[in-house]
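Structure first, commentary second.
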Amino acid sequence: MTGTRRNSRRLPPPISVGADGSSLSRLDVAALYQRTRRRRAAPYRRADIFARWGGACCYCDAPAEHLDHVQPLSRGGRDVLSNVVPACATCNLAKAALTLAEWIADYEAPRNP
Ligand SMILES: [Zn+2]
């Protein structure tokens, strides 16, 4: 015996991913891949939501171009029919990752000239 076990499980070398030399282990990559694969198709149809709202932005009545998550996904909102509304690009981009309450507060906040 030389001290190394033939059947020992060794992890393969990490994979470099960033320009700064950061790397992910192959297990990290596998976890990311699994997360991506588990993502399912949205449980609603874009056309149904647009039809339900008459094709208008739910915030300003302009023609809708985007779907907005009322409670943003990044803030714990779910990708479900009850959290998705049609929005025009202007409203959707202005609301961004704000909750509806935050967006309204921001809209009503006094502006400095
Ligand atoms: Zn709008």
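Identifiers for the structure tokens are assigned positionally: chains receive A, B, ... in sequence, residues are indexed from 1 per chain, and ligands are indexed from 1 in the order shown.
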message: as an NGL selection string, please: the residues near Ala97 of chain A (cut-off 12 Å, only C-alpha atoms, same-chain neighbours under 3 positions excluded).
response: :A and (68-77 or 91-94 or 100-103)
List every residue of chain A that has an atom at most 8 Å from any atom of ligand 1, giving for each one its closest atom pair and the distance in Å to one decimal, counting only C-alpha atoms and all ligand atoms, sorted by chain and then by ascending residue number, as a Markdown table.
| residue | atom | partner | partner_atom_place_in_ligand_line | distance |
| --- | --- | --- | --- | --- |
| A:Ala56 | CA | ligand 1 | 1 (Zn) | 7.9 |
| A:Cys57 | CA | ligand 1 | 1 (Zn) | 4.7 |
| A:Cys58 | CA | ligand 1 | 1 (Zn) | 6.6 |
| A:Tyr59 | CA | ligand 1 | 1 (Zn) | 4.9 |
| A:Cys60 | CA | ligand 1 | 1 (Zn) | 4.2 |
| A:Asp61 | CA | ligand 1 | 1 (Zn) | 6.0 |
| A:Ala62 | CA | ligand 1 | 1 (Zn) | 5.4 |
| A:Pro63 | CA | ligand 1 | 1 (Zn) | 7.6 |
| A:Ala64 | CA | ligand 1 | 1 (Zn) | 6.9 |
| A:Ala87 | CA | ligand 1 | 1 (Zn) | 5.2 |
| A:Cys88 | CA | ligand 1 | 1 (Zn) | 4.2 |
| A:Ala89 | CA | ligand 1 | 1 (Zn) | 6.7 |
| A:Thr90 | CA | ligand 1 | 1 (Zn) | 5.8 |
| A:Cys91 | CA | ligand 1 | 1 (Zn) | 4.2 |
| A:Asn92 | CA | ligand 1 | 1 (Zn) | 7.0 |
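Of the listed residues A:Arg78, A:Pro43, A:Tyr107, A:Lys95, the one whose atoms come nearest to His66 of chain A is A:Lys95, with distances taken using only C-alpha atoms.
As for atom CA of Ala41 of chain A and atom CA of Asn83 of chain A, they are spaced 15.4 Å apart.
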Within 8 Å of Val84 of chain A, counting only C-alpha atoms, which residues show up once you throw out same-chain ones fewer than 2 positions away? Write them as a compact mmCIF listing (two decimals) with N, CA, C and O atoms, in the first residue's frame, please.
# COMPACT_ATOMS: atom_id res chain seq x y z
N ILE A 49 -53.79 36.18 -19.81
CA ILE A 49 -53.71 37.34 -18.91
C ILE A 49 -53.99 38.62 -19.68
O ILE A 49 -54.74 39.48 -19.23
N LEU A 67 -45.50 41.42 -18.76
CA LEU A 67 -46.21 40.86 -17.62
C LEU A 67 -45.45 41.31 -16.38
O LEU A 67 -44.22 41.27 -16.35
N ASP A 68 -46.19 41.76 -15.38
CA ASP A 68 -45.56 42.21 -14.14
C ASP A 68 -45.99 41.30 -13.00
O ASP A 68 -47.15 40.93 -12.90
N HIS A 69 -45.02 40.96 -12.15
CA HIS A 69 -45.34 40.24 -10.93
C HIS A 69 -45.62 41.31 -9.86
O HIS A 69 -44.74 42.08 -9.51
N VAL A 70 -46.86 41.38 -9.41
CA VAL A 70 -47.26 42.41 -8.46
C VAL A 70 -46.35 42.35 -7.24
O VAL A 70 -45.79 43.36 -6.82
N ASP A 79 -44.73 32.87 -8.98
CA ASP A 79 -45.03 32.94 -10.41
C ASP A 79 -46.35 32.21 -10.67
O ASP A 79 -46.38 31.13 -11.24
N VAL A 80 -47.42 32.82 -10.17
CA VAL A 80 -48.75 32.22 -10.30
C VAL A 80 -49.71 33.26 -10.87
O VAL A 80 -49.46 34.47 -10.78
N LEU A 81 -50.79 32.78 -11.42
CA LEU A 81 -51.77 33.64 -12.08
C LEU A 81 -52.20 34.81 -11.20
O LEU A 81 -52.31 35.95 -11.67
N SER A 82 -52.43 34.56 -9.93
CA SER A 82 -52.93 35.62 -9.05
C SER A 82 -51.89 36.69 -8.74
O SER A 82 -52.22 37.71 -8.14
N PRO A 86 -50.86 42.31 -16.62
CA PRO A 86 -50.23 42.93 -17.78
C PRO A 86 -49.82 44.36 -17.43
O PRO A 86 -50.48 45.03 -16.63
- request: Measure the distance from atom CA of Thr99 of chain A to atom CA of Gly54 of chain A in Å and round it to one decimal.
  value: 23.4 Å
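Inside segment 35-108 of chain A, the residues DSSP reads as strand (DSSP E or B) when given the backbone are Ala56, Pro63, His66, Leu67, Asp68, His69, Val84, Val85, Pro86 and Ala87 of chain A.
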